[in-house]
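Visitor: Supplied in C-alpha cells, the structure appears directly below.
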Amino acid sequence: MDIHPNSVINCVPEETIKEIHRLDFGDVIFLNKTIVTELNEGITYGWEKGSEVIKLAEKCFGKDFYVNYMANRIYDYSIIAQDWKKFFEQNRKLRSFCIVTYGQIGKTNLAIERLFYKEGKIMHFTNLELALQYTGNLPS
C-alpha cells in the first residue's frame with residue numbers, strides 16, 4: 001500500500017488507528033475519535049461517496065456515531081458542498097469538522113464549503129499534527 005508522506009497514517013501512533021479503508025475514490029481512516037478522509041486527485045466528492053463513508057463509520061463507531069471529521073486534503077479534488085445538507089437531514093452531528101489544506105485549490109474548496117456547512121465552524125489547518133492535536137488524536 002502506497003502511503004503519501006502527508007498521510008495521517010504516518011503521523012499517529014499505530015494503536016490510534018481503528019480501521020483503514022482503501023476505496024476507489026480515496027482512503028478513509030478511522031482513528032479512536034476521528035474519521036479522516038484522504039481523497040484521490042481529481043475526483044468529485046459528493047453525497048454518493050460520502051454515504052459510503054457514513055456506512056463504514058456506522059459499522060466502526062455505531063449507528064449514532066458522534067466523532068470528529070477531518071478532510072486531509074493531500075490531493076486536489078472537487079466537492080459538492082451543498083451535499084452537506086443531505087448529511088444533516090439525517091439528523092447527524094459532528095464533534096468538529098477540520099480541513100487540512102496544502103494548496104490553493106484546497107483553500108478555495110474550503111471557502112465554498114463554509115457557505116453550505118451551517119452546523120458549526122469548519123476549523124482550517126495547514127499543519128496535520130495541529131489538526132490531530134485539536135481532535136485529541138495526538139498529545140499537544
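Residues are referred to by chain and number: the chain letter is A, B, ... according to the order shown in the C-alpha cells, the number counts from 1 in that chain, and ligands are numbered separately from 1 in the order shown.
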Would you write out, as JSON lines, a table of all residues in segment 51-114 of chain A that have an atom no more than 12 Å from an atom of segment 13-26 of chain A, listing for each the closest atom pair and the distance in Å to one decimal, considering only C-alpha atoms and ordering rows by chain and rising residue number?
Guide:
```
{"residue": "A:Glu52", "atom": "CA", "partner": "A:Leu23", "partner_atom": "CA", "distance": 9.2}
{"residue": "A:Val53", "atom": "CA", "partner": "A:His21", "partner_atom": "CA", "distance": 9.3}
{"residue": "A:Lys55", "atom": "CA", "partner": "A:His21", "partner_atom": "CA", "distance": 11.9}
{"residue": "A:Leu56", "atom": "CA", "partner": "A:His21", "partner_atom": "CA", "distance": 8.6}
{"residue": "A:Ala57", "atom": "CA", "partner": "A:Glu19", "partner_atom": "CA", "distance": 9.7}
{"residue": "A:Lys59", "atom": "CA", "partner": "A:Glu19", "partner_atom": "CA", "distance": 10.5}
{"residue": "A:Cys60", "atom": "CA", "partner": "A:Glu19", "partner_atom": "CA", "distance": 7.8}
{"residue": "A:Phe61", "atom": "CA", "partner": "A:Lys18", "partner_atom": "CA", "distance": 9.7}
{"residue": "A:Ala71", "atom": "CA", "partner": "A:Gly26", "partner_atom": "CA", "distance": 11.2}
{"residue": "A:Asn72", "atom": "CA", "partner": "A:Gly26", "partner_atom": "CA", "distance": 10.9}
{"residue": "A:Arg73", "atom": "CA", "partner": "A:Gly26", "partner_atom": "CA", "distance": 10.7}
{"residue": "A:Ile74", "atom": "CA", "partner": "A:Gly26", "partner_atom": "CA", "distance": 10.5}
{"residue": "A:Tyr75", "atom": "CA", "partner": "A:Gly26", "partner_atom": "CA", "distance": 9.9}
{"residue": "A:Asp76", "atom": "CA", "partner": "A:Gly26", "partner_atom": "CA", "distance": 11.8}
{"residue": "A:Tyr77", "atom": "CA", "partner": "A:Phe25", "partner_atom": "CA", "distance": 10.2}
{"residue": "A:Ser78", "atom": "CA", "partner": "A:Phe25", "partner_atom": "CA", "distance": 11.7}
```
Visitor: Keeping only C-alpha atoms, write the selected residues as a CSV table (one decimal), in the first residue's frame.
Guide:
```
chain,number,residue,atom,x,y,z
A,52,GLU,CA,-20.2,5.1,1.6
A,53,VAL,CA,-18.1,6.7,4.3
A,55,LYS,CA,-21.9,3.3,6.2
A,56,LEU,CA,-18.4,2.4,7.1
A,57,ALA,CA,-18.5,4.8,10.1
A,59,LYS,CA,-20.0,-0.2,11.3
A,60,CYS,CA,-16.9,1.1,13.2
A,61,PHE,CA,-18.4,3.6,15.6
A,71,ALA,CA,-10.6,16.1,5.5
A,72,ASN,CA,-6.8,15.7,5.0
A,73,ARG,CA,-6.7,17.3,1.5
A,74,ILE,CA,-3.4,15.9,0.3
A,75,TYR,CA,-4.6,16.0,-3.3
A,76,ASP,CA,-6.8,18.4,-5.2
A,77,TYR,CA,-10.4,17.4,-5.9
A,78,SER,CA,-13.8,18.9,-6.3
```
Visitor: Leaving out Tyr117 of chain A and any residue of its chain fewer than 4 positions from it, which residues lie within 9 Å of it when counting only C-alpha atoms, given as a list in words?
Guide: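 Once the adjacent positions are removed, what remains is Ala81, Gln82, Trp84, Lys85, Glu113, Lys121 and Ile122 of chain A.
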Visitor: Would you output that residue set with N, CA, C and O atoms, as a PDB file, in the first residue's frame?
Guide:
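Dumped to again.pdb:
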```pdb
ATOM      1  N   ALA A  81     -20.447  20.906  -2.318  1.00  0.00           N
ATOM      2  CA  ALA A  81     -20.621  21.442  -0.964  1.00  0.00           C
ATOM      3  C   ALA A  81     -22.074  21.407  -0.497  1.00  0.00           C
ATOM      4  O   ALA A  81     -22.348  21.182   0.685  1.00  0.00           O
ATOM      5  N   GLN A  82     -23.009  21.617  -1.397  1.00  0.00           N
ATOM      6  CA  GLN A  82     -24.409  21.631  -0.990  1.00  0.00           C
ATOM      7  C   GLN A  82     -24.882  20.265  -0.500  1.00  0.00           C
ATOM      8  O   GLN A  82     -25.932  20.159   0.136  1.00  0.00           O
ATOM      9  N   TRP A  84     -23.736  18.692   1.933  1.00  0.00           N
ATOM     10  CA  TRP A  84     -23.732  18.657   3.404  1.00  0.00           C
ATOM     11  C   TRP A  84     -25.157  18.689   3.945  1.00  0.00           C
ATOM     12  O   TRP A  84     -25.455  18.119   4.990  1.00  0.00           O
ATOM     13  N   LYS A  85     -26.045  19.345   3.216  1.00  0.00           N
ATOM     14  CA  LYS A  85     -27.452  19.416   3.645  1.00  0.00           C
ATOM     15  C   LYS A  85     -28.042  18.013   3.796  1.00  0.00           C
ATOM     16  O   LYS A  85     -28.775  17.739   4.746  1.00  0.00           O
ATOM     17  N   GLU A 113     -17.153  25.504   0.819  1.00  0.00           N
ATOM     18  CA  GLU A 113     -17.778  24.610   1.791  1.00  0.00           C
ATOM     19  C   GLU A 113     -18.349  25.379   2.976  1.00  0.00           C
ATOM     20  O   GLU A 113     -19.408  25.041   3.495  1.00  0.00           O
ATOM     21  N   LYS A 121     -18.559  25.546  13.080  1.00  0.00           N
ATOM     22  CA  LYS A 121     -17.395  26.145  12.445  1.00  0.00           C
ATOM     23  C   LYS A 121     -16.528  25.064  11.804  1.00  0.00           C
ATOM     24  O   LYS A 121     -16.335  23.996  12.382  1.00  0.00           O
ATOM     25  N   ILE A 122     -16.012  25.354  10.625  1.00  0.00           N
ATOM     26  CA  ILE A 122     -15.011  24.488   9.999  1.00  0.00           C
ATOM     27  C   ILE A 122     -13.646  25.008  10.435  1.00  0.00           C
ATOM     28  O   ILE A 122     -13.305  26.168  10.190  1.00  0.00           O
TER      29      ILE A 122
END
```
Visitor: Within 9 Å of segment 87-89 of chain A, counting only C-alpha atoms, which residues show up once you throw out same-chain ones fewer than 3 positions away? Write them as a PyMOL selection string, please.
Guide: chain A and resi 47+50-51+83-84+92-93+119
Visitor: So that I can see what lies close to Thr126 of chain A, please list as a ChimeraX atom specification the residues with an atom at most 9 Å from it, counting only C-alpha atoms and leaving out residues fewer than 6 positions away in the same chain.
Guide: /A:99-103
Visitor: Those same residues - all heavy atoms - I'd like them written as a compact mmCIF listing (two decimals), in the first residue's frame.
Guide:
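What follows is the written file selection31.txt:
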```
# COMPACT_ATOMS: atom_id res chain seq x y z
N ILE A 99 -10.41 20.77 8.32
CA ILE A 99 -9.87 20.60 6.98
C ILE A 99 -8.41 21.00 7.01
O ILE A 99 -8.05 22.07 7.49
CB ILE A 99 -10.64 21.45 5.95
CG1 ILE A 99 -12.10 20.98 5.86
CG2 ILE A 99 -9.96 21.39 4.59
CD1 ILE A 99 -12.95 21.78 4.91
N VAL A 100 -7.57 20.09 6.50
CA VAL A 100 -6.14 20.37 6.37
C VAL A 100 -5.88 20.58 4.89
O VAL A 100 -6.19 19.72 4.07
CB VAL A 100 -5.28 19.19 6.90
CG1 VAL A 100 -3.80 19.54 6.82
CG2 VAL A 100 -5.67 18.83 8.33
N THR A 101 -5.35 21.75 4.55
CA THR A 101 -5.07 22.06 3.15
C THR A 101 -3.59 22.28 2.94
O THR A 101 -2.86 22.70 3.85
CB THR A 101 -5.83 23.31 2.67
OG1 THR A 101 -5.41 24.44 3.45
CG2 THR A 101 -7.33 23.13 2.78
N TYR A 102 -3.15 22.00 1.71
CA TYR A 102 -1.74 22.14 1.35
C TYR A 102 -1.55 23.04 0.14
O TYR A 102 -0.43 23.31 -0.25
CB TYR A 102 -1.14 20.77 1.06
CG TYR A 102 -1.26 19.82 2.24
CD1 TYR A 102 -2.36 18.99 2.39
CD2 TYR A 102 -0.27 19.79 3.22
CE1 TYR A 102 -2.47 18.13 3.47
CE2 TYR A 102 -0.38 18.94 4.31
CZ TYR A 102 -1.49 18.11 4.43
OH TYR A 102 -1.60 17.27 5.50
N GLY A 103 -2.64 23.49 -0.49
CA GLY A 103 -2.52 24.30 -1.69
C GLY A 103 -3.73 25.18 -1.90
O GLY A 103 -4.69 25.16 -1.13
```
Visitor: As a ChimeraX atom specification, please: every residue in chain A that DSSP puts in strand (DSSP E).
Guide: /A:17-23,26-31,34-39,44-45,68-73,78-79,96-101,122-125
Visitor: Quick one: write out the picked residues with N, CA, C and O atoms as a compact mmCIF listing (two decimals), in the first residue's frame?
Guide:
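Output file selection.txt is given in full below:
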```txt
# COMPACT_ATOMS: atom_id res chain seq x y z
N ILE A 17 -5.10 3.96 15.32
CA ILE A 17 -5.84 3.62 14.10
C ILE A 17 -6.74 2.42 14.36
O ILE A 17 -6.28 1.35 14.72
N LYS A 18 -8.05 2.65 14.18
CA LYS A 18 -9.02 1.57 14.35
C LYS A 18 -9.20 0.77 13.05
O LYS A 18 -9.22 -0.45 13.07
N GLU A 19 -9.35 1.47 11.94
CA GLU A 19 -9.56 0.82 10.64
C GLU A 19 -9.02 1.71 9.53
O GLU A 19 -9.03 2.94 9.65
N ILE A 20 -8.60 1.07 8.44
CA ILE A 20 -8.21 1.77 7.22
C ILE A 20 -8.99 1.15 6.07
O ILE A 20 -9.00 -0.08 5.92
N HIS A 21 -9.64 1.99 5.27
CA HIS A 21 -10.40 1.52 4.11
C HIS A 21 -9.84 2.20 2.86
O HIS A 21 -9.79 3.42 2.81
N ARG A 22 -9.43 1.38 1.89
CA ARG A 22 -8.97 1.90 0.60
C ARG A 22 -10.13 1.77 -0.38
O ARG A 22 -10.46 0.68 -0.81
N LEU A 23 -10.76 2.88 -0.68
CA LEU A 23 -11.90 2.90 -1.58
C LEU A 23 -11.46 3.40 -2.95
O LEU A 23 -10.36 3.96 -3.09
N GLY A 26 -10.56 7.11 -2.67
CA GLY A 26 -9.58 7.56 -1.70
C GLY A 26 -9.56 6.69 -0.45
O GLY A 26 -10.21 5.64 -0.40
N ASP A 27 -8.80 7.12 0.51
CA ASP A 27 -8.65 6.37 1.76
C ASP A 27 -9.50 6.99 2.86
O ASP A 27 -9.62 8.22 2.96
N VAL A 28 -10.06 6.12 3.69
CA VAL A 28 -10.81 6.54 4.87
C VAL A 28 -10.16 5.85 6.05
O VAL A 28 -10.03 4.63 6.08
N ILE A 29 -9.71 6.66 6.99
CA ILE A 29 -9.01 6.15 8.16
C ILE A 29 -9.84 6.49 9.39
O ILE A 29 -10.20 7.65 9.61
N PHE A 30 -10.17 5.48 10.18
CA PHE A 30 -10.89 5.68 11.43
C PHE A 30 -9.90 5.63 12.57
O PHE A 30 -9.25 4.61 12.79
N LEU A 31 -9.78 6.75 13.26
CA LEU A 31 -8.97 6.83 14.47
C LEU A 31 -9.91 6.66 15.66
O LEU A 31 -11.12 6.57 15.51
N THR A 34 -11.92 10.03 15.46
CA THR A 34 -11.99 10.83 14.25
C THR A 34 -12.11 9.97 12.99
O THR A 34 -11.47 8.94 12.89
N ILE A 35 -12.91 10.47 12.05
CA ILE A 35 -12.94 9.94 10.68
C ILE A 35 -12.04 10.85 9.85
O ILE A 35 -12.24 12.07 9.84
N VAL A 36 -11.06 10.28 9.16
CA VAL A 36 -10.18 11.05 8.30
C VAL A 36 -10.37 10.57 6.87
O VAL A 36 -10.32 9.37 6.61
N THR A 37 -10.60 11.52 5.95
CA THR A 37 -10.62 11.17 4.53
C THR A 37 -9.40 11.76 3.86
O THR A 37 -9.00 12.89 4.14
N GLU A 38 -8.80 10.96 2.99
CA GLU A 38 -7.68 11.37 2.15
C GLU A 38 -8.06 10.95 0.74
O GLU A 38 -7.83 9.80 0.34
N LEU A 39 -8.68 11.85 0.02
CA LEU A 39 -9.34 11.53 -1.24
C LEU A 39 -8.39 11.70 -2.43
O LEU A 39 -7.44 12.48 -2.38
N THR A 44 -14.64 13.98 -7.81
CA THR A 44 -15.68 14.87 -7.32
C THR A 44 -16.32 14.17 -6.14
O THR A 44 -16.83 13.06 -6.27
N TYR A 45 -16.26 14.80 -4.98
CA TYR A 45 -16.74 14.19 -3.74
C TYR A 45 -18.08 14.81 -3.38
O TYR A 45 -18.19 16.01 -3.15
N ASN A 68 -15.24 13.39 15.37
CA ASN A 68 -14.64 14.45 14.58
C ASN A 68 -14.54 13.97 13.13
O ASN A 68 -14.37 12.78 12.87
N TYR A 69 -14.64 14.92 12.21
CA TYR A 69 -14.39 14.61 10.80
C TYR A 69 -13.26 15.50 10.33
O TYR A 69 -13.27 16.71 10.53
N MET A 70 -12.26 14.87 9.71
CA MET A 70 -11.12 15.60 9.18
C MET A 70 -10.91 15.25 7.71
O MET A 70 -10.77 14.08 7.37
N ALA A 71 -10.91 16.27 6.87
CA ALA A 71 -10.56 16.10 5.47
C ALA A 71 -9.10 16.49 5.33
O ALA A 71 -8.75 17.67 5.41
N ASN A 72 -8.24 15.49 5.18
CA ASN A 72 -6.82 15.74 4.97
C ASN A 72 -6.61 15.84 3.46
O ASN A 72 -6.47 14.84 2.77
N ARG A 73 -6.63 17.06 2.95
CA ARG A 73 -6.67 17.30 1.51
C ARG A 73 -5.27 17.29 0.91
O ARG A 73 -4.73 18.30 0.47
N SER A 78 -12.61 18.04 -6.34
CA SER A 78 -13.78 18.91 -6.27
C SER A 78 -14.76 18.36 -5.24
O SER A 78 -14.82 17.15 -5.00
N ILE A 79 -15.53 19.26 -4.67
CA ILE A 79 -16.56 18.87 -3.71
C ILE A 79 -17.91 19.40 -4.17
O ILE A 79 -17.97 20.40 -4.87
N SER A 96 -16.50 17.90 15.64
CA SER A 96 -15.81 19.00 14.98
C SER A 96 -15.57 18.62 13.52
O SER A 96 -15.61 17.44 13.16
N PHE A 97 -15.34 19.62 12.71
CA PHE A 97 -15.06 19.45 11.29
C PHE A 97 -13.78 20.21 11.01
O PHE A 97 -13.73 21.44 11.16
N CYS A 98 -12.74 19.48 10.64
CA CYS A 98 -11.43 20.07 10.37
C CYS A 98 -11.02 19.79 8.93
O CYS A 98 -11.26 18.69 8.42
N ILE A 99 -10.41 20.77 8.32
CA ILE A 99 -9.87 20.60 6.98
C ILE A 99 -8.41 21.00 7.01
O ILE A 99 -8.05 22.07 7.49
N VAL A 100 -7.57 20.09 6.50
CA VAL A 100 -6.14 20.37 6.37
C VAL A 100 -5.88 20.58 4.89
O VAL A 100 -6.19 19.72 4.07
N THR A 101 -5.35 21.75 4.55
CA THR A 101 -5.07 22.06 3.15
C THR A 101 -3.59 22.28 2.94
O THR A 101 -2.86 22.70 3.85
N ILE A 122 -16.01 25.35 10.62
CA ILE A 122 -15.01 24.49 10.00
C ILE A 122 -13.65 25.01 10.43
O ILE A 122 -13.30 26.17 10.19
N MET A 123 -12.90 24.15 11.09
CA MET A 123 -11.55 24.52 11.52
C MET A 123 -10.58 24.26 10.38
O MET A 123 -10.57 23.17 9.80
N HIS A 124 -9.77 25.26 10.05
CA HIS A 124 -8.81 25.14 8.96
C HIS A 124 -7.40 25.03 9.52
O HIS A 124 -7.01 25.81 10.38
N PHE A 125 -6.65 24.05 9.00
CA PHE A 125 -5.26 23.86 9.39
C PHE A 125 -4.41 23.70 8.14
O PHE A 125 -4.88 23.18 7.12
```
Visitor: Which residue is closest to Ile9 of chain A? Choose from A:Leu115, A:Leu132, A:Val67, A:Ile43 and count only C-alpha atoms.
Guide: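 Smallest separation from Ile9 of chain A among the options: A:Leu132.
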Visitor: Of the candidates A:Ile105, A:Cys11, A:Leu110, A:Ile80, which shows the shortest atom-to-atom distance to Gln133 of chain A, using only C-alpha atoms?
Guide: A:Cys11
Visitor: Give the alpha helix (DSSP H) residues of segment 23-110 of chain A, as assigned by DSSP on the backbone, as number ranges by chain.
Guide: A: 47-61, 84-89, 104-110
